[in-house]
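For reference, input37.cif is printed below; it contains mmCIF, C-alpha atoms (C1' of nucleotides).
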data_structure
loop_
_atom_site.label_atom_id
_atom_site.label_comp_id
_atom_site.auth_asym_id
_atom_site.auth_seq_id
_atom_site.Cartn_x
_atom_site.Cartn_y
_atom_site.Cartn_z
CA MET A 1 100.22 149.27 120.10
CA ASP A 2 100.49 146.06 118.19
CA ALA A 3 102.93 144.64 115.72
CA VAL A 4 102.65 142.13 112.96
CA GLY A 5 105.72 140.41 111.75
CA PHE A 6 107.82 138.89 114.50
CA GLU A 7 105.48 136.29 115.92
CA ARG A 8 104.61 133.01 114.22
CA HIS A 9 101.20 132.85 112.69
CA ASP A 10 98.80 130.96 110.43
CA HIS A 11 100.29 132.14 107.19
CA ALA A 12 97.91 130.42 104.77
CA GLY A 13 95.07 132.02 106.68
CA CYS A 14 96.68 135.42 106.71
CA ILE A 15 97.12 135.26 102.93
CA SER A 16 93.54 134.32 102.20
CA SER A 17 91.99 136.71 104.70
CA GLY A 18 94.27 139.51 103.55
CA LEU A 19 93.32 138.93 99.95
CA GLN A 20 89.67 138.71 100.85
CA THR A 21 89.82 142.05 102.62
CA VAL A 22 91.42 143.64 99.58
CA VAL A 23 88.79 142.14 97.26
CA GLU A 24 85.97 143.38 99.47
CA THR A 25 87.43 146.81 99.98
CA CYS A 26 87.90 147.26 96.24
CA ALA A 27 84.32 146.22 95.63
CA GLU A 28 83.07 148.67 98.25
CA ARG A 29 85.06 151.55 96.85
CA GLY A 30 84.62 150.80 93.16
CA LEU A 31 88.32 150.15 92.66
CA GLN A 32 89.41 147.96 89.75
CA LEU A 33 91.26 144.98 91.21
CA THR A 34 92.63 143.80 87.88
CA PRO A 35 94.46 140.48 87.44
CA VAL A 36 97.89 142.09 87.69
CA ARG A 37 96.96 144.09 90.78
CA ARG A 38 95.36 141.12 92.43
CA ARG A 39 98.33 138.93 91.69
CA VAL A 40 100.78 141.49 93.05
CA VAL A 41 98.97 141.74 96.35
CA GLU A 42 98.88 137.94 96.51
CA ILE A 43 102.61 137.80 95.86
CA LEU A 44 103.30 140.32 98.61
CA LEU A 45 101.06 138.42 101.02
CA GLN A 46 102.64 135.08 100.15
CA GLU A 47 106.22 136.25 100.43
CA HIS A 48 105.45 138.11 103.61
CA ARG A 49 108.50 140.32 103.37
CA ALA A 50 109.63 143.57 101.84
CA MET A 51 110.14 142.98 98.12
CA GLY A 52 111.77 145.18 95.54
CA ALA A 53 109.66 146.08 92.51
CA TYR A 54 111.90 143.91 90.36
CA ASP A 55 111.40 140.93 92.67
CA VAL A 56 107.68 141.31 92.17
CA LEU A 57 108.24 141.72 88.44
CA ASP A 58 110.18 138.45 88.33
CA HIS A 59 107.11 136.64 89.66
CA LEU A 60 104.82 138.37 87.18
CA ARG A 61 107.14 137.58 84.32
CA ALA A 62 107.25 133.92 85.25
CA GLU A 63 103.47 133.87 85.09
CA GLY A 64 103.10 135.80 81.85
CA LEU A 65 101.46 138.73 83.60
CA GLY A 66 103.83 141.43 82.43
CA SER A 67 107.50 141.71 81.75
CA GLN A 68 108.43 145.39 81.94
CA PRO A 69 109.09 147.45 85.07
CA PRO A 70 106.13 149.80 84.63
CA VAL A 71 103.75 146.88 85.03
CA ALA A 72 105.04 146.19 88.52
CA TYR A 73 105.40 149.83 89.50
CA ARG A 74 101.87 150.67 88.39
CA ALA A 75 100.34 147.82 90.34
CA LEU A 76 102.40 148.69 93.42
CA GLU A 77 101.43 152.34 93.12
CA PHE A 78 97.76 151.33 93.07
CA LEU A 79 98.20 149.15 96.14
CA VAL A 80 100.12 151.75 98.12
CA LYS A 81 97.72 154.53 97.18
CA ASN A 82 94.76 152.51 98.40
CA GLY A 83 96.39 151.28 101.58
CA PHE A 84 96.83 147.64 100.57
CA ALA A 85 100.61 147.81 100.63
CA HIS A 86 103.32 150.08 102.01
CA LYS A 87 106.60 151.25 100.65
CA ILE A 88 109.56 150.84 102.99
CA GLU A 89 111.60 153.90 102.06
CA ARG A 90 114.71 152.67 103.80
CA LEU A 91 114.75 149.58 101.59
CA ASN A 92 113.16 150.88 98.41
CA ALA A 93 110.85 147.94 98.79
CA PHE A 94 107.20 147.09 99.23
CA ILE A 95 105.26 145.00 101.72
CA ALA A 96 101.63 143.94 102.01
CA CYS A 97 99.71 145.94 104.58
CA ALA A 98 98.97 143.96 107.72
CA HIS A 99 95.65 145.77 108.12
CA PRO A 100 94.38 146.55 104.63
CA GLY A 101 91.50 148.92 104.45
CA MET A 102 92.05 150.43 107.88
CA ARG A 103 93.21 154.00 108.22
CA HIS A 104 96.51 153.93 110.01
CA ALA A 105 99.95 155.47 110.27
CA PRO A 106 102.17 152.45 110.57
CA ALA A 107 105.71 152.26 111.84
CA PHE A 108 108.06 149.63 110.49
CA LEU A 109 110.69 147.75 112.43
CA ILE A 110 113.35 146.51 110.04
CA CYS A 111 115.88 143.88 111.09
CA ARG A 112 119.21 144.59 109.43
CA LYS A 113 120.36 141.01 109.97
CA CYS A 114 117.51 138.80 108.80
CA ASP A 115 115.61 141.45 106.84
CA VAL A 116 112.31 140.75 108.57
CA VAL A 117 109.99 143.75 108.62
CA ALA A 118 107.27 144.15 111.23
CA GLU A 119 104.42 146.58 110.90
CA ALA A 120 103.67 148.24 114.22
CA HIS A 121 100.99 150.76 114.96
CA ILE A 122 102.43 153.32 117.27
CA ALA A 123 99.62 155.84 117.28
CA ASP A 124 101.24 158.05 119.89
CA ALA A 125 104.33 158.60 117.79
CA ALA A 126 102.34 159.57 114.73
CA GLN A 127 100.16 161.88 116.80
CA THR A 128 103.19 163.53 118.35
CA VAL A 129 104.69 164.25 114.96
CA GLN A 130 101.33 165.46 113.72
CA GLY A 131 100.89 167.77 116.70
CA ALA A 132 104.37 169.21 116.43
CA SER A 133 103.88 169.76 112.71
CA ASP A 134 100.57 171.52 113.27
CA ALA A 135 102.23 173.83 115.76
CA LEU A 136 104.74 174.80 113.09
CA GLY A 137 102.05 175.36 110.49
CA PHE A 138 103.09 172.27 108.54
CA THR A 139 100.31 170.08 107.16
CA VAL A 140 101.23 166.40 107.20
CA GLU A 141 99.88 164.35 104.32
CA ARG A 142 102.06 161.27 104.58
CA MET A 143 104.27 159.99 107.31
CA VAL A 144 107.20 157.60 107.28
CA ILE A 145 108.32 156.04 110.54
CA GLU A 146 110.93 153.34 110.15
CA ALA A 147 113.25 151.89 112.77
CA GLU A 148 116.23 149.82 111.75
CA GLY A 149 117.94 147.46 114.13
CA LEU A 150 117.78 143.90 115.40
CA CYS A 151 114.62 141.85 115.74
CA PRO A 152 113.99 139.70 118.85
CA ALA A 153 115.30 136.55 117.19
CA CYS A 154 118.55 138.11 115.96
CA ASN A 155 118.94 139.94 119.24
CA SER A 156 118.98 136.75 121.23
CA GLY A 157 121.62 135.17 119.10
CA ALA A 158 119.21 132.73 117.49
CA PRO A 159 120.09 131.58 113.98
CA ALA A 160 118.95 134.20 111.50
CA MET B 1 110.59 170.70 120.18
CA ASP B 2 112.24 172.97 117.72
CA ALA B 3 112.58 173.07 114.01
CA VAL B 4 115.15 174.48 111.66
CA GLY B 5 114.20 175.19 108.11
CA PHE B 6 111.06 177.26 107.77
CA GLU B 7 112.07 180.53 109.39
CA ARG B 8 114.37 183.11 107.80
CA HIS B 9 117.82 183.26 109.23
CA ASP B 10 121.36 184.57 108.90
CA HIS B 11 122.47 182.10 106.31
CA ALA B 12 126.09 183.21 105.96
CA GLY B 13 126.39 182.84 109.71
CA CYS B 14 124.75 179.46 109.76
CA ILE B 15 127.16 178.21 107.10
CA SER B 16 130.27 179.40 108.89
CA SER B 17 129.15 178.29 112.33
CA GLY B 18 127.98 174.95 110.99
CA LEU B 19 131.30 174.37 109.30
CA GLN B 20 133.17 175.45 112.39
CA THR B 21 131.25 172.98 114.53
CA VAL B 22 132.10 170.19 112.10
CA VAL B 23 135.77 171.17 112.08
CA GLU B 24 135.91 171.26 115.87
CA THR B 25 133.99 168.04 116.32
CA CYS B 26 136.28 166.22 113.90
CA ALA B 27 139.32 167.55 115.76
CA GLU B 28 137.89 166.40 119.09
CA ARG B 29 137.09 162.93 117.83
CA GLY B 30 140.14 162.42 115.67
CA LEU B 31 138.10 162.22 112.48
CA GLN B 32 139.77 163.05 109.19
CA LEU B 33 137.98 166.00 107.68
CA THR B 34 139.64 165.70 104.28
CA PRO B 35 139.25 168.32 101.53
CA VAL B 36 136.48 166.40 99.77
CA ARG B 37 134.57 165.78 103.00
CA ARG B 38 134.95 169.37 104.10
CA ARG B 39 133.84 170.68 100.76
CA VAL B 40 130.78 168.39 100.70
CA VAL B 41 129.59 169.61 104.08
CA GLU B 42 130.15 173.19 102.89
CA ILE B 43 128.10 172.52 99.77
CA LEU B 44 125.26 171.05 101.83
CA LEU B 45 125.37 173.99 104.23
CA GLN B 46 125.46 176.53 101.39
CA GLU B 47 122.64 175.00 99.40
CA HIS B 48 120.62 174.53 102.54
CA ARG B 49 118.34 171.94 100.97
CA ALA B 50 118.15 168.23 100.36
CA MET B 51 120.57 167.37 97.57
CA GLY B 52 120.98 164.19 95.59
CA ALA B 53 124.41 162.60 95.60
CA TYR B 54 124.75 163.48 91.94
CA ASP B 55 123.95 167.14 92.63
CA VAL B 56 126.77 167.17 95.14
CA LEU B 57 128.99 165.38 92.66
CA ASP B 58 128.30 168.08 90.04
CA HIS B 59 129.70 170.68 92.43
CA LEU B 60 132.75 168.56 93.20
CA ARG B 61 133.38 167.91 89.53
CA ALA B 62 133.21 171.62 88.72
CA GLU B 63 135.89 172.19 91.33
CA GLY B 64 138.17 169.33 90.33
CA LEU B 65 137.57 167.48 93.59
CA GLY B 66 136.34 164.22 92.11
CA SER B 67 134.28 163.18 89.19
CA GLN B 68 132.91 159.70 89.92
CA PRO B 69 129.91 158.75 92.05
CA PRO B 70 131.85 156.89 94.74
CA VAL B 71 133.66 160.10 95.64
CA ALA B 72 130.39 161.79 96.54
CA TYR B 73 128.85 158.72 98.17
CA ARG B 74 131.88 158.11 100.34
CA ALA B 75 131.97 161.66 101.60
CA LEU B 76 128.24 161.63 102.26
CA GLU B 77 128.54 158.32 104.08
CA PHE B 78 131.21 159.79 106.33
CA LEU B 79 129.07 162.82 107.10
CA VAL B 80 125.94 160.81 107.81
CA LYS B 81 127.79 158.29 109.95
CA ASN B 82 129.22 161.02 112.10
CA GLY B 83 126.05 163.05 112.42
CA PHE B 84 127.08 165.97 110.22
CA ALA B 85 124.44 165.26 107.59
CA HIS B 86 121.26 163.23 107.27
CA LYS B 87 119.81 161.16 104.49
CA ILE B 88 116.20 161.92 103.64
CA GLU B 89 114.99 158.45 102.66
CA ARG B 90 111.81 159.72 101.06
CA LEU B 91 113.86 161.81 98.64
CA ASN B 92 117.01 159.75 98.32
CA ALA B 93 118.78 162.94 99.18
CA PHE B 94 121.10 164.43 101.76
CA ILE B 95 120.99 167.54 103.92
CA ALA B 96 123.38 169.17 106.35
CA CYS B 97 122.52 168.52 109.95
CA ALA B 98 121.09 171.53 111.73
CA HIS B 99 122.78 170.49 114.96
CA PRO B 100 126.03 168.78 114.04
CA GLY B 101 127.76 166.95 116.81
CA MET B 102 124.70 166.61 119.00
CA ARG B 103 123.17 163.22 119.55
CA HIS B 104 119.62 163.41 118.28
CA ALA B 105 116.82 161.59 116.51
CA PRO B 106 115.57 164.17 114.08
CA ALA B 107 112.27 164.25 112.25
CA PHE B 108 112.06 165.86 108.84
CA LEU B 109 109.17 167.88 107.50
CA ILE B 110 109.27 167.81 103.71
CA CYS B 111 107.20 170.24 101.64
CA ARG B 112 106.00 168.53 98.49
CA LYS B 113 105.40 171.87 96.77
CA CYS B 114 108.53 173.95 97.35
CA ASP B 115 110.81 171.07 98.42
CA VAL B 116 111.93 172.80 101.59
CA VAL B 117 113.01 170.37 104.30
CA ALA B 118 112.91 171.33 107.99
CA GLU B 119 114.72 169.39 110.67
CA ALA B 120 112.58 169.09 113.79
CA HIS B 121 113.49 167.41 117.03
CA ILE B 122 110.47 165.61 118.28
CA ALA B 123 111.99 163.71 121.14
CA ASP B 124 108.67 162.29 122.32
CA ALA B 125 107.98 160.61 119.00
CA ALA B 126 111.39 158.99 118.90
CA GLN B 127 111.05 157.87 122.49
CA THR B 128 107.62 156.41 121.84
CA VAL B 129 108.93 154.34 118.94
CA GLN B 130 111.93 153.35 121.00
CA GLY B 131 109.74 152.29 123.92
CA ALA B 132 107.36 150.29 121.77
CA SER B 133 110.30 148.60 120.04
CA ASP B 134 111.89 147.69 123.34
CA ALA B 135 108.61 146.13 124.48
CA LEU B 136 108.70 143.92 121.38
CA GLY B 137 112.31 142.97 121.91
CA PHE B 138 113.45 144.98 118.92
CA THR B 139 116.65 146.97 119.32
CA VAL B 140 116.55 150.26 117.42
CA GLU B 141 119.83 151.39 115.95
CA ARG B 142 118.65 153.99 113.52
CA MET B 143 115.33 155.76 113.16
CA VAL B 144 113.73 157.51 110.22
CA ILE B 145 110.85 159.89 110.88
CA GLU B 146 109.77 161.88 107.84
CA ALA B 147 106.53 163.77 107.27
CA GLU B 148 105.56 164.91 103.80
CA GLY B 149 103.05 167.68 103.24
CA LEU B 150 102.82 171.44 102.92
CA CYS B 151 105.07 173.92 104.69
CA PRO B 152 103.61 177.05 106.32
CA ALA B 153 104.38 179.22 103.29
CA CYS B 154 102.82 176.86 100.75
CA ASN B 155 99.92 176.24 103.11
CA SER B 156 98.99 179.90 103.21
CA GLY B 157 98.97 180.28 99.47
CA ALA B 158 102.13 182.35 99.44
CA PRO B 159 104.25 182.05 96.30
CA ALA B 160 106.30 178.92 96.51
"C1'" DT C 1 78.75 153.78 67.36
"C1'" DG C 2 81.75 157.14 68.73
"C1'" DT C 3 83.92 158.91 72.69
"C1'" DT C 4 86.33 158.75 76.84
"C1'" DA C 5 88.68 157.14 80.95
"C1'" DG C 6 91.34 153.81 82.90
"C1'" DA C 7 94.46 150.04 82.38
"C1'" DT C 8 98.14 147.60 80.03
"C1'" DG C 9 102.21 146.49 76.69
"C1'" DT C 10 106.65 147.80 75.41
"C1'" DG C 11 111.06 150.05 74.28
"C1'" DA C 12 113.97 153.32 75.85
"C1'" DT C 13 116.01 155.98 79.22
"C1'" DG C 14 116.81 158.31 83.57
"C1'" DA C 15 118.27 158.25 88.41
"C1'" DT C 16 120.37 156.25 92.32
"C1'" DA C 17 123.97 153.38 94.31
"C1'" DT C 18 127.78 150.04 94.75
"C1'" DA C 19 131.48 146.48 93.40
"C1'" DA C 20 136.03 145.87 92.43
"C1'" DC C 21 140.52 146.99 92.11
"C1'" DA C 22 144.41 150.21 91.67
"C1'" DT C 23 146.79 154.00 93.84
"C1'" DA C 24 148.04 157.29 97.34
"C1'" DT C 25 148.91 159.02 101.95
"C1'" DC C 26 150.55 158.87 106.41
"C1'" DA C 27 151.72 157.43 111.00
"C1'" DA C 28 153.71 153.50 113.88
"C1'" DG C 29 157.12 150.38 114.70
"C1'" DC C 30 161.30 148.10 113.45
"C1'" DG D 1 165.19 154.78 106.21
"C1'" DC D 2 162.02 151.06 105.36
"C1'" DT D 3 158.08 148.21 105.90
"C1'" DT D 4 153.60 147.69 107.25
"C1'" DG D 5 148.86 148.58 108.07
"C1'" DA D 6 145.02 151.57 108.18
"C1'" DT D 7 142.51 154.95 105.88
"C1'" DA D 8 141.26 157.63 101.94
"C1'" DT D 9 140.94 158.44 96.98
"C1'" DG D 10 140.76 157.53 91.77
"C1'" DT D 11 138.53 155.07 88.16
"C1'" DT D 12 135.99 151.71 85.42
"C1'" DA D 13 132.22 149.22 85.22
"C1'" DT D 14 127.96 147.67 86.64
"C1'" DA D 15 124.00 146.92 89.63
"C1'" DT D 16 119.66 148.55 91.18
"C1'" DC D 17 115.61 151.41 91.31
"C1'" DA D 18 112.21 154.19 88.71
"C1'" DT D 19 109.90 156.77 84.99
"C1'" DC D 20 108.87 158.58 80.22
"C1'" DA D 21 106.57 158.19 76.01
"C1'" DC D 22 103.63 156.27 73.06
"C1'" DA D 23 100.73 152.54 71.22
"C1'" DT D 24 96.90 149.55 72.26
"C1'" DC D 25 93.07 147.58 74.55
"C1'" DT D 26 88.71 147.45 77.01
"C1'" DA D 27 84.58 148.75 79.36
"C1'" DA D 28 81.10 152.37 80.32
"C1'" DC D 29 78.03 155.09 78.33
"C1'" DA D 30 75.90 159.22 75.78
#

Whole structure, structure tokens version:
Amino acid sequence: MDAVGFERHDHAGCISSGLQTVVETCAERGLQLTPVRRRVVEILLQEHRAMGAYDVLDHLRAEGLGSQPPVAYRALEFLVKNGFAHKIERLNAFIACAHPGMRHAPAFLICRKCDVVAEAHIADAAQTVQGASDALGFTVERMVIEAEGLCPACNSGAPA
Amino acid sequence: MDAVGFERHDHAGCISSGLQTVVETCAERGLQLTPVRRRVVEILLQEHRAMGAYDVLDHLRAEGLGSQPPVAYRALEFLVKNGFAHKIERLNAFIACAHPGMRHAPAFLICRKCDVVAEAHIADAAQTVQGASDALGFTVERMVIEAEGLCPACNSGAPA
DNA sequence: TGTTAGATGTGATGATATAACATATCAAGC
DNA sequence: GCTTGATATGTTATATCATCACATCTAACA
């Protein structure tokens, strides 16, 4: 198990390495990392939080990279489909993947107070759901595991 | 582990017993099961599927029980808060709880082909997420576990 | 060079959800 | 009985999230 999101970290480094991984993975797989798509993943990495599609669109608009909702939704769809970003269903929002390119079934821990979202990899939980589904004859194609509550900082009464 | 949703069942019975459980639980806890709230849980039990708030509202409107969105959303909020219904985040839709009154962390198995939604109780998965969250200092208040894929019937090529 | 597939631009609209404020109901306490 | 407070409902308007439909552009390539 690990989690990305609560601890402090070298953010400039995490942006550049995250972007680099996306660039490389797209090259390997023959995916078109167009300017809009590239910029959206950069925005998600920079902001480092769950962003609504219209938040992303605001950034794009300010940079002349598209002004209508479909522009943002299409880029986000591409990123989610290829594992470079995730949709947080509980928030109707999107976040850069902490481990782009890797196959994984992430779980998200969402703080209701400060809105921080951590991406945890709780393989056992995913496997348990998978196993139970198999037993019922249900084939799992996508899985959503999201926990809402209080993050360590908000738990301990620290300023949000 | 058990699941409610895929197998055939005595639906008239499940409606009446489900409603009865809600009525009794409200009485026990001093909750106001008003006409709108009661009718909404009946609608969810009758339809036996995930319904959008506006689908529910259509029923209410046809019966003169309210015509504006907040009427439906408020009733649904009451039902979800008290464990009589669940929100399926992946679908932005609501479904009657298969085990009203019981404390539980349900997982939902959503068929993308025929839209059937089964409520499974995969205690291990919930506990695993809970345990991992505790280890990180994250307090879980609400958990969403949803798997999307193909139900047994759609899996086997049976008519959807 | 014509064709095609994928990506983007853009206007309109659909779908989901809540804010804000007025009104109603009812039980508790004076 | 009357006031008060808590809870629920009615209603208008609006906020927020998401997609449709169609035109255009570009690169790959037969």

- Tell me which residues the PyMOL selection byres ((chain C) within 9 of (chain B)) grabs here, as number ranges by chain. C: 16-18

- Message: Need the shell around His59 (chain A): protein/DNA/RNA residues with any atom at most 12 Å away, counting all atoms listed in the file. Skip same-chain ones fewer than 6 positions apart. Format as a list of chain:residue names?
- Response: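 The residues that qualify are A:Val36, A:Arg39, A:Val40, A:Val41, A:Glu42, A:Ile43, A:Leu44, A:Gln46, A:Glu47, A:Met51, A:Gly52, A:Ala53, A:Leu65, A:Gly66, A:Ser67, A:Gln68, A:Pro69, A:Val71, A:Ala72.
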
Using only C-alpha atoms, what does the table of region 54-144 of chain B residues within 8 Å of region 15-24 of chain B look like, with each row giving the shortest atom pair and its distance in Å to one decimal, sorted by chain and ascending number, as CSV?
residue,atom,partner,partner_atom,distance
B:Phe84,CA,B:Val22,CA,6.8
B:Ala98,CA,B:Gly18,CA,7.7
B:His99,CA,B:Gly18,CA,7.9
B:Pro100,CA,B:Val22,CA,6.5
B:Gly101,CA,B:Val22,CA,7.2

- Task: For DC22 (chain D), list every protein, DNA or RNA residue within 12 Å, evaluated using all atoms listed in the file, and leave out those in the same chain fewer than 3 positions away; present the list as a ChimeraX atom specification.
- Result: /C:9-12

- Task: Would you work out the distance separating CA of Lys81 (chain A) from CA of Cys111 (chain B), expressed in Å to one decimal?
- Result: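 Calculated distance between CA of Lys81 (chain A) and CA of Cys111 (chain B) is 18.9 Å.
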
- the PyMOL selection byres ((chain B) within 7 of (chain A)) resolved against shown file, as a list in words: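 On this input, the PyMOL selection byres ((chain B) within 7 of (chain A)) captures Glu89, Arg90, Ile122, Asp124, Ala125, Thr128, Val129, Gly137, Phe138, Thr139, Val140, Glu141, Arg142, Met143, Val144, Ile145, Glu146, Ala147, Glu148, Gly149, Leu150, Cys151 and Pro152 of chain B.
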
- Task: Tell me the residues of chain D close to chain B, meaning within 9 Å using only C-alpha atoms (C1' of nucleotides), as a ChimeraX atom specification.
- Result: /D:8-11

- Between CA of Leu45 (chain B) and CA of His11 (chain B), distance in Å (one decimal):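 Separation between CA of Leu45 (chain B) and CA of His11 (chain B): 8.9 Å.
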
- For CA of Arg103 (chain A) and C1' of DT19 (chain D), the interatomic separation in Å (one decimal):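 Atom-to-atom, CA of Arg103 (chain A) to C1' of DT19 (chain D), that is 28.7 Å.
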
I need the residue set behind the PyMOL selection byres ((chain D and resi 6) around 10) for this file; please write it as a short mmCIF file (atom, residue, chain, number, x, y, z; two decimals) with C-alpha atoms (C1' of nucleotides), in the frame of the given file.
data_model
loop_
_atom_site.label_atom_id
_atom_site.label_comp_id
_atom_site.auth_asym_id
_atom_site.auth_seq_id
_atom_site.Cartn_x
_atom_site.Cartn_y
_atom_site.Cartn_z
"C1'" DC C 26 150.55 158.87 106.41
"C1'" DA C 27 151.72 157.43 111.00
"C1'" DT D 4 153.60 147.69 107.25
"C1'" DG D 5 148.86 148.58 108.07
"C1'" DT D 7 142.51 154.95 105.88
"C1'" DA D 8 141.26 157.63 101.94
#

Pick out the residues sitting within 12 Å of DC25 (chain D), and hand them over as a PDB file with C-alpha atoms (C1' of nucleotides), in the frame of the given file; count all atoms listed in the file, and ignore anything fewer than 5 positions along from it in its own chain.
ATOM      1  C1'  DG C   6      91.340 153.810  82.900  1.00  0.00           C
ATOM      2  C1'  DA C   7      94.460 150.040  82.380  1.00  0.00           C
ATOM      3  C1'  DT C   8      98.140 147.600  80.030  1.00  0.00           C
ATOM      4  C1'  DG C   9     102.210 146.490  76.690  1.00  0.00           C
TER       5       DG C   9
END

Close residues, DA28 (chain D) itself excluded, 12 Å, all atoms listed in the file, min 6 positions apart in chain, as a JSON list (two decimals) with C-alpha atoms (C1' of nucleotides), keeping the file's coordinate frame:
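Heads up, here's the output in part23.json:
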[["chain", "number", "residue", "atom", "x", "y", "z"],
["C", 3, "DT", "C1'", 83.92, 158.91, 72.69],
["C", 4, "DT", "C1'", 86.33, 158.75, 76.84],
["C", 5, "DA", "C1'", 88.68, 157.14, 80.95],
["C", 6, "DG", "C1'", 91.34, 153.81, 82.90]]

Point (132.8, 145.4, 86.5) neighbourhood (12 Å, only C-alpha atoms (C1' of nucleotides)) written as a compact mmCIF listing (two decimals) with C-alpha atoms (C1' of nucleotides), in the frame of the given file:
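Output below, filename point.txt:
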# COMPACT_ATOMS: atom_id res chain seq x y z
C1' DT C 18 127.78 150.04 94.75
C1' DA C 19 131.48 146.48 93.40
C1' DA C 20 136.03 145.87 92.43
C1' DC C 21 140.52 146.99 92.11
C1' DT D 11 138.53 155.07 88.16
C1' DT D 12 135.99 151.71 85.42
C1' DA D 13 132.22 149.22 85.22
C1' DT D 14 127.96 147.67 86.64
C1' DA D 15 124.00 146.92 89.63

Restore N, CA and C atoms in region 74-92 of chain A and list the result as a compact mmCIF listing (two decimals), in the frame of the given file.
# COMPACT_ATOMS: atom_id res chain seq x y z
N ARG A 74 103.25 150.18 88.42
CA ARG A 74 101.87 150.67 88.39
C ARG A 74 100.99 149.91 89.39
N ALA A 75 101.16 148.60 89.42
CA ALA A 75 100.34 147.82 90.34
C ALA A 75 100.70 148.19 91.79
N LEU A 76 101.99 148.33 92.06
CA LEU A 76 102.40 148.69 93.42
C LEU A 76 101.90 150.07 93.81
N GLU A 77 101.92 150.98 92.85
CA GLU A 77 101.43 152.34 93.12
C GLU A 77 99.94 152.29 93.51
N PHE A 78 99.19 151.48 92.76
CA PHE A 78 97.76 151.33 93.07
C PHE A 78 97.58 150.79 94.48
N LEU A 79 98.35 149.78 94.84
CA LEU A 79 98.20 149.15 96.14
C LEU A 79 98.59 150.09 97.28
N VAL A 80 99.67 150.82 97.08
CA VAL A 80 100.12 151.75 98.12
C VAL A 80 99.11 152.88 98.28
N LYS A 81 98.66 153.41 97.14
CA LYS A 81 97.72 154.53 97.18
C LYS A 81 96.44 154.17 97.91
N ASN A 82 96.02 152.93 97.80
CA ASN A 82 94.76 152.51 98.40
C ASN A 82 94.95 151.79 99.73
N GLY A 83 96.16 151.81 100.24
CA GLY A 83 96.39 151.28 101.58
C GLY A 83 96.48 149.76 101.66
N PHE A 84 96.72 149.10 100.54
CA PHE A 84 96.83 147.64 100.57
C PHE A 84 98.28 147.18 100.70
N ALA A 85 99.18 148.12 100.49
CA ALA A 85 100.61 147.81 100.63
C ALA A 85 101.31 149.09 101.08
N HIS A 86 102.54 148.92 101.58
CA HIS A 86 103.32 150.08 102.01
C HIS A 86 104.67 150.03 101.33
N LYS A 87 105.22 151.20 101.12
CA LYS A 87 106.60 151.25 100.65
C LYS A 87 107.51 151.46 101.86
N ILE A 88 108.55 150.65 101.95
CA ILE A 88 109.56 150.84 102.99
C ILE A 88 110.65 151.69 102.36
N GLU A 89 110.69 152.96 102.73
CA GLU A 89 111.60 153.90 102.06
C GLU A 89 113.05 153.51 102.27
N ARG A 90 113.33 153.03 103.45
CA ARG A 90 114.71 152.67 103.80
C ARG A 90 115.25 151.58 102.89
N LEU A 91 114.35 150.73 102.39
CA LEU A 91 114.75 149.58 101.59
C LEU A 91 114.39 149.71 100.12
N ASN A 92 113.72 150.78 99.76
CA ASN A 92 113.16 150.88 98.41
C ASN A 92 112.43 149.58 98.07
